[in-house]
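Next up, structure01.cif (mmCIF, N, CA and C atoms):
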data_run
loop_
_atom_site.label_atom_id
_atom_site.label_comp_id
_atom_site.auth_asym_id
_atom_site.auth_seq_id
_atom_site.Cartn_x
_atom_site.Cartn_y
_atom_site.Cartn_z
N MET D 27 -15.26 -38.70 21.57
CA MET D 27 -14.89 -38.61 20.18
C MET D 27 -13.38 -38.40 20.08
N LYS D 28 -12.73 -39.12 19.21
CA LYS D 28 -11.29 -39.02 19.05
C LYS D 28 -10.92 -37.79 18.23
N LYS D 29 -9.81 -37.18 18.61
CA LYS D 29 -9.30 -36.04 17.87
C LYS D 29 -8.48 -36.57 16.69
N ALA D 30 -8.73 -36.02 15.51
CA ALA D 30 -8.01 -36.47 14.31
C ALA D 30 -6.54 -36.12 14.44
N LYS D 31 -5.69 -37.01 14.01
CA LYS D 31 -4.25 -36.80 14.03
C LYS D 31 -3.79 -36.33 12.66
N LEU D 32 -3.00 -35.29 12.66
CA LEU D 32 -2.39 -34.83 11.42
C LEU D 32 -0.98 -35.36 11.38
N ARG D 33 -0.65 -36.04 10.33
CA ARG D 33 0.69 -36.61 10.19
C ARG D 33 1.71 -35.49 10.10
N ASP D 34 2.77 -35.59 10.91
CA ASP D 34 3.87 -34.64 10.94
C ASP D 34 3.44 -33.23 11.37
N SER D 35 2.33 -33.11 12.10
CA SER D 35 1.92 -31.79 12.60
C SER D 35 2.81 -31.41 13.77
N ASN D 36 2.84 -30.12 14.09
CA ASN D 36 3.63 -29.65 15.23
C ASN D 36 3.18 -30.30 16.52
N GLU D 37 1.85 -30.40 16.73
CA GLU D 37 1.34 -31.02 17.95
C GLU D 37 1.78 -32.48 18.06
N GLU D 38 1.76 -33.18 16.92
CA GLU D 38 2.16 -34.59 16.94
C GLU D 38 3.65 -34.70 17.25
N LYS D 39 4.48 -33.82 16.69
CA LYS D 39 5.91 -33.87 16.96
C LYS D 39 6.21 -33.63 18.43
N ILE D 40 5.52 -32.65 19.04
CA ILE D 40 5.74 -32.39 20.46
C ILE D 40 5.23 -33.55 21.29
N ALA D 41 4.08 -34.10 20.93
CA ALA D 41 3.53 -35.26 21.65
C ALA D 41 4.48 -36.45 21.56
N GLN D 42 5.06 -36.67 20.39
CA GLN D 42 6.01 -37.76 20.23
C GLN D 42 7.23 -37.51 21.11
N GLY D 43 7.66 -36.27 21.19
CA GLY D 43 8.79 -35.90 22.04
C GLY D 43 8.48 -36.20 23.50
N LYS D 44 7.23 -35.94 23.92
CA LYS D 44 6.84 -36.22 25.30
C LYS D 44 6.93 -37.71 25.57
N ASP D 45 6.46 -38.53 24.63
CA ASP D 45 6.52 -39.97 24.81
C ASP D 45 7.97 -40.44 24.95
N ARG D 46 8.87 -39.80 24.25
CA ARG D 46 10.28 -40.19 24.30
C ARG D 46 11.06 -39.36 25.31
N LYS D 47 10.36 -38.43 25.98
CA LYS D 47 10.98 -37.53 26.94
C LYS D 47 12.07 -36.69 26.28
N GLN D 48 11.79 -36.22 25.09
CA GLN D 48 12.71 -35.36 24.38
C GLN D 48 12.60 -33.94 24.90
N PRO D 49 13.71 -33.28 25.14
CA PRO D 49 13.66 -31.89 25.58
C PRO D 49 13.21 -30.98 24.44
N PRO D 50 12.69 -29.80 24.77
CA PRO D 50 12.28 -28.87 23.72
C PRO D 50 13.49 -28.21 23.08
N GLU D 51 13.25 -27.61 21.93
CA GLU D 51 14.26 -26.78 21.28
C GLU D 51 14.09 -25.36 21.80
N THR D 52 15.14 -24.57 21.72
CA THR D 52 15.00 -23.17 22.09
C THR D 52 14.16 -22.46 21.05
N GLY D 53 13.51 -21.38 21.47
CA GLY D 53 12.69 -20.60 20.56
C GLY D 53 11.31 -20.33 21.12
N VAL D 54 10.45 -19.81 20.28
CA VAL D 54 9.11 -19.38 20.68
C VAL D 54 8.13 -20.55 20.61
N TYR D 55 7.25 -20.63 21.62
CA TYR D 55 6.15 -21.59 21.66
C TYR D 55 4.86 -20.81 21.87
N VAL D 56 3.79 -21.21 21.19
CA VAL D 56 2.52 -20.50 21.23
C VAL D 56 1.44 -21.46 21.73
N SER D 57 0.53 -20.94 22.57
CA SER D 57 -0.56 -21.77 23.08
C SER D 57 -1.65 -21.93 22.02
N THR D 58 -2.18 -23.15 21.91
CA THR D 58 -3.27 -23.43 20.98
C THR D 58 -4.56 -23.73 21.73
N LYS D 59 -4.50 -23.67 23.06
CA LYS D 59 -5.68 -23.84 23.92
C LYS D 59 -5.87 -22.54 24.69
N GLU D 60 -7.01 -22.40 25.35
CA GLU D 60 -7.30 -21.18 26.12
C GLU D 60 -6.25 -20.97 27.20
N PRO D 61 -5.74 -19.79 27.37
CA PRO D 61 -5.92 -18.62 26.51
C PRO D 61 -5.07 -18.75 25.23
N LEU D 62 -5.73 -18.62 24.11
CA LEU D 62 -5.05 -18.74 22.81
C LEU D 62 -4.02 -17.64 22.63
N GLY D 63 -2.93 -17.99 21.96
CA GLY D 63 -1.94 -17.01 21.58
C GLY D 63 -0.93 -16.61 22.63
N MET D 64 -0.97 -17.25 23.82
CA MET D 64 0.09 -16.97 24.79
C MET D 64 1.41 -17.38 24.15
N ARG D 65 2.44 -16.59 24.38
CA ARG D 65 3.72 -16.87 23.74
C ARG D 65 4.82 -16.94 24.80
N PHE D 66 5.57 -18.03 24.74
CA PHE D 66 6.69 -18.25 25.65
C PHE D 66 7.95 -18.43 24.82
N VAL D 67 9.08 -18.06 25.41
CA VAL D 67 10.37 -18.26 24.77
C VAL D 67 11.18 -19.23 25.62
N VAL D 68 11.57 -20.35 25.02
CA VAL D 68 12.51 -21.26 25.67
C VAL D 68 13.89 -20.70 25.37
N GLU D 69 14.54 -20.19 26.42
CA GLU D 69 15.83 -19.54 26.24
C GLU D 69 16.99 -20.52 26.29
N ASP D 70 16.84 -21.59 27.07
CA ASP D 70 17.93 -22.55 27.19
C ASP D 70 17.38 -23.87 27.74
N VAL D 71 18.05 -24.93 27.42
CA VAL D 71 17.75 -26.25 27.96
C VAL D 71 19.05 -26.79 28.54
N ILE D 72 19.03 -27.09 29.83
CA ILE D 72 20.22 -27.55 30.54
C ILE D 72 20.06 -29.04 30.83
N PHE D 73 21.07 -29.81 30.47
CA PHE D 73 21.02 -31.27 30.65
C PHE D 73 21.85 -31.68 31.87
N ALA D 74 21.32 -32.61 32.65
CA ALA D 74 22.04 -33.15 33.80
C ALA D 74 22.97 -34.25 33.30
N GLU D 75 24.23 -34.13 33.63
CA GLU D 75 25.21 -35.12 33.17
C GLU D 75 25.06 -36.46 33.86
N ASP D 76 24.61 -36.44 35.11
CA ASP D 76 24.56 -37.67 35.88
C ASP D 76 23.18 -38.35 35.90
N GLU D 77 22.19 -37.73 35.29
CA GLU D 77 20.85 -38.30 35.30
C GLU D 77 20.29 -38.33 33.88
N GLU D 78 20.24 -39.51 33.29
CA GLU D 78 19.79 -39.65 31.91
C GLU D 78 18.33 -39.22 31.75
N GLY D 79 18.09 -38.41 30.76
CA GLY D 79 16.73 -37.96 30.47
C GLY D 79 16.27 -36.76 31.26
N PHE D 80 17.10 -36.27 32.19
CA PHE D 80 16.70 -35.11 32.99
C PHE D 80 17.25 -33.84 32.35
N PHE D 81 16.41 -32.82 32.31
CA PHE D 81 16.82 -31.52 31.80
C PHE D 81 16.01 -30.44 32.49
N LEU D 82 16.49 -29.23 32.41
CA LEU D 82 15.77 -28.06 32.91
C LEU D 82 15.53 -27.12 31.75
N VAL D 83 14.31 -26.60 31.66
CA VAL D 83 13.94 -25.66 30.60
C VAL D 83 13.88 -24.27 31.21
N GLN D 84 14.70 -23.37 30.69
CA GLN D 84 14.66 -21.98 31.12
C GLN D 84 13.79 -21.22 30.13
N MET D 85 12.71 -20.62 30.64
CA MET D 85 11.75 -19.97 29.75
C MET D 85 11.23 -18.69 30.37
N ILE D 86 10.64 -17.86 29.51
CA ILE D 86 10.07 -16.58 29.92
C ILE D 86 8.96 -16.24 28.94
N ASP D 87 8.01 -15.40 29.38
CA ASP D 87 6.98 -14.98 28.43
C ASP D 87 7.63 -14.05 27.39
N GLU D 88 7.13 -14.11 26.17
CA GLU D 88 7.78 -13.40 25.06
C GLU D 88 7.87 -11.89 25.30
N ALA D 89 6.86 -11.30 25.92
CA ALA D 89 6.87 -9.85 26.16
C ALA D 89 8.02 -9.43 27.08
N SER D 90 8.46 -10.32 27.96
CA SER D 90 9.53 -10.00 28.91
C SER D 90 10.90 -10.49 28.45
N ALA D 91 10.98 -11.14 27.31
CA ALA D 91 12.22 -11.78 26.88
C ALA D 91 13.40 -10.82 26.76
N GLY D 92 13.16 -9.60 26.37
CA GLY D 92 14.27 -8.65 26.21
C GLY D 92 14.58 -7.84 27.45
N ASP D 93 13.80 -8.02 28.51
CA ASP D 93 13.96 -7.26 29.74
C ASP D 93 14.94 -7.99 30.66
N MET D 94 16.11 -7.39 30.87
CA MET D 94 17.14 -8.04 31.67
C MET D 94 16.76 -8.14 33.15
N THR D 95 15.77 -7.35 33.60
CA THR D 95 15.35 -7.42 34.99
C THR D 95 14.19 -8.38 35.21
N ALA D 96 13.59 -8.89 34.13
CA ALA D 96 12.44 -9.79 34.24
C ALA D 96 12.88 -11.17 34.72
N MET D 97 12.02 -11.80 35.50
CA MET D 97 12.29 -13.15 36.01
C MET D 97 11.60 -14.18 35.12
N GLY D 98 12.33 -15.18 34.71
CA GLY D 98 11.77 -16.28 33.95
C GLY D 98 11.49 -17.46 34.87
N ASP D 99 11.25 -18.60 34.27
CA ASP D 99 10.98 -19.82 35.03
C ASP D 99 11.95 -20.91 34.59
N GLU D 100 12.19 -21.84 35.50
CA GLU D 100 13.01 -23.02 35.21
C GLU D 100 12.14 -24.23 35.51
N LEU D 101 11.88 -25.04 34.49
CA LEU D 101 10.97 -26.18 34.62
C LEU D 101 11.72 -27.49 34.44
N ASP D 102 11.34 -28.48 35.24
CA ASP D 102 11.87 -29.83 35.04
C ASP D 102 11.02 -30.51 33.96
N PRO D 103 11.38 -31.70 33.50
CA PRO D 103 10.62 -32.34 32.41
C PRO D 103 9.13 -32.49 32.70
N ASP D 104 8.77 -32.91 33.92
CA ASP D 104 7.35 -33.08 34.23
C ASP D 104 6.60 -31.75 34.14
N GLU D 105 7.20 -30.70 34.67
CA GLU D 105 6.58 -29.38 34.62
C GLU D 105 6.46 -28.89 33.18
N TRP D 106 7.51 -29.11 32.37
CA TRP D 106 7.48 -28.68 30.97
C TRP D 106 6.37 -29.38 30.21
N PHE D 107 6.29 -30.71 30.32
CA PHE D 107 5.29 -31.45 29.55
C PHE D 107 3.87 -31.19 30.06
N THR D 108 3.72 -30.88 31.34
CA THR D 108 2.42 -30.47 31.86
C THR D 108 1.99 -29.15 31.23
N LEU D 109 2.92 -28.21 31.13
CA LEU D 109 2.64 -26.92 30.48
C LEU D 109 2.28 -27.11 29.02
N VAL D 110 3.01 -27.97 28.32
CA VAL D 110 2.73 -28.26 26.91
C VAL D 110 1.32 -28.81 26.76
N ASP D 111 0.94 -29.76 27.61
CA ASP D 111 -0.40 -30.35 27.56
C ASP D 111 -1.49 -29.35 27.93
N GLN D 112 -1.25 -28.61 28.99
CA GLN D 112 -2.25 -27.68 29.51
C GLN D 112 -2.60 -26.59 28.50
N TYR D 113 -1.60 -26.04 27.83
CA TYR D 113 -1.84 -24.93 26.91
C TYR D 113 -1.71 -25.31 25.44
N GLY D 114 -1.40 -26.57 25.15
CA GLY D 114 -1.26 -26.99 23.76
C GLY D 114 -0.13 -26.25 23.06
N LEU D 115 1.01 -26.14 23.73
CA LEU D 115 2.12 -25.37 23.18
C LEU D 115 2.68 -26.01 21.92
N VAL D 116 2.90 -25.19 20.91
CA VAL D 116 3.51 -25.64 19.67
C VAL D 116 4.53 -24.61 19.22
N LYS D 117 5.50 -25.07 18.45
CA LYS D 117 6.39 -24.13 17.76
C LYS D 117 5.56 -23.52 16.65
N PRO D 118 5.59 -22.23 16.45
CA PRO D 118 4.64 -21.57 15.56
C PRO D 118 4.89 -21.71 14.07
N ASP D 119 5.88 -22.43 13.61
CA ASP D 119 6.16 -22.56 12.19
C ASP D 119 4.93 -23.04 11.42
N GLY D 120 4.26 -24.05 11.95
CA GLY D 120 3.08 -24.58 11.29
C GLY D 120 1.88 -23.65 11.37
N LEU D 121 1.97 -22.64 12.24
CA LEU D 121 0.89 -21.69 12.41
C LEU D 121 1.14 -20.39 11.65
N ARG D 122 2.12 -20.40 10.77
CA ARG D 122 2.50 -19.25 9.96
C ARG D 122 2.97 -18.07 10.80
N CYS D 123 3.69 -18.39 11.86
CA CYS D 123 4.32 -17.37 12.70
C CYS D 123 5.82 -17.59 12.65
N SER D 124 6.57 -16.75 13.32
CA SER D 124 8.03 -16.93 13.33
C SER D 124 8.39 -18.10 14.21
N GLY D 125 9.54 -18.67 13.99
CA GLY D 125 10.02 -19.82 14.75
C GLY D 125 10.15 -21.04 13.86
N LYS D 126 10.73 -22.10 14.40
CA LYS D 126 10.85 -23.34 13.64
C LYS D 126 10.78 -24.52 14.56
N ILE D 127 10.48 -25.67 13.99
CA ILE D 127 10.45 -26.89 14.80
C ILE D 127 11.57 -27.79 14.39
#
For the file at hand, write its structure as structure tokens.
Amino acid sequence: MKKAKLRDSNEEKIAQGKDRKQPPETGVYVSTKEPLGMRFVVEDVIFAEDEEGFFLVQMIDEASAGDMTAMGDELDPDEWFTLVDQYGLVKPDGLRCSGKI
């Protein structure tokens, strides 16, 4: 059974970005798949000058975001989009939470 598409939904915008290999914006992302409500913060996106379309996403779980001793993760585009697909990550604006898309 096909999943209904919502025009201009957050999930559709992120999916479109994946098709175009668009990097994420900084800010909070929330999981819409199990486990629901996981929250990650994209702190920075670093672009490679010599490789078109390549970027690194620096992220951390929201609970650790203010802890200067906490270790975050650095993901390449494949790792980032796998995480987005696996957990259904969305910017929470459409979910009535803080953040924007």
Applying 6 Å and all atoms listed in the file, which residues near D:Met64 remain after dropping the ones on its own chain fewer than 4 positions away? List them as a tab-separated table (two decimals) with N, CA and C atoms, in the coordinates of the input.
chain	number	residue	atom	x	y	z
D	55	TYR	N	7.25	-20.63	21.62
D	55	TYR	CA	6.15	-21.59	21.66
D	55	TYR	C	4.86	-20.81	21.87
D	56	VAL	N	3.79	-21.21	21.19
D	56	VAL	CA	2.52	-20.50	21.23
D	56	VAL	C	1.44	-21.46	21.73
D	57	SER	N	0.53	-20.94	22.57
D	57	SER	CA	-0.56	-21.77	23.08
D	57	SER	C	-1.65	-21.93	22.02
If we count only C-alpha atoms, what is near D:Thr95 at a cut-off of 12 Å, once residues fewer than 4 positions away on the same chain are taken out, given as a compact mmCIF listing (two decimals) with N, CA and C atoms, in the coordinates of the input?
# COMPACT_ATOMS: atom_id res chain seq x y z
N ILE D 86 10.64 -17.86 29.51
CA ILE D 86 10.07 -16.58 29.92
C ILE D 86 8.96 -16.24 28.94
N SER D 90 8.46 -10.32 27.96
CA SER D 90 9.53 -10.00 28.91
C SER D 90 10.90 -10.49 28.45
N ALA D 91 10.98 -11.14 27.31
CA ALA D 91 12.22 -11.78 26.88
C ALA D 91 13.40 -10.82 26.76
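Proximity to D:Met85 was assessed for D:Thr58, D:Asp104, D:Thr52, D:Phe73 counting only C-alpha atoms; the smallest distance is recorded for D:Thr52.
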What residues in stretch 51-103 of chain D get the DSSP label strand (DSSP E or B)? Please answer as a PyMOL selection string.
-> chain D and resi 53-56+65-73+81-87+99-101
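The space separating atom C of D:Phe80 from atom N of D:Asp119 comes to 24.7 Å.
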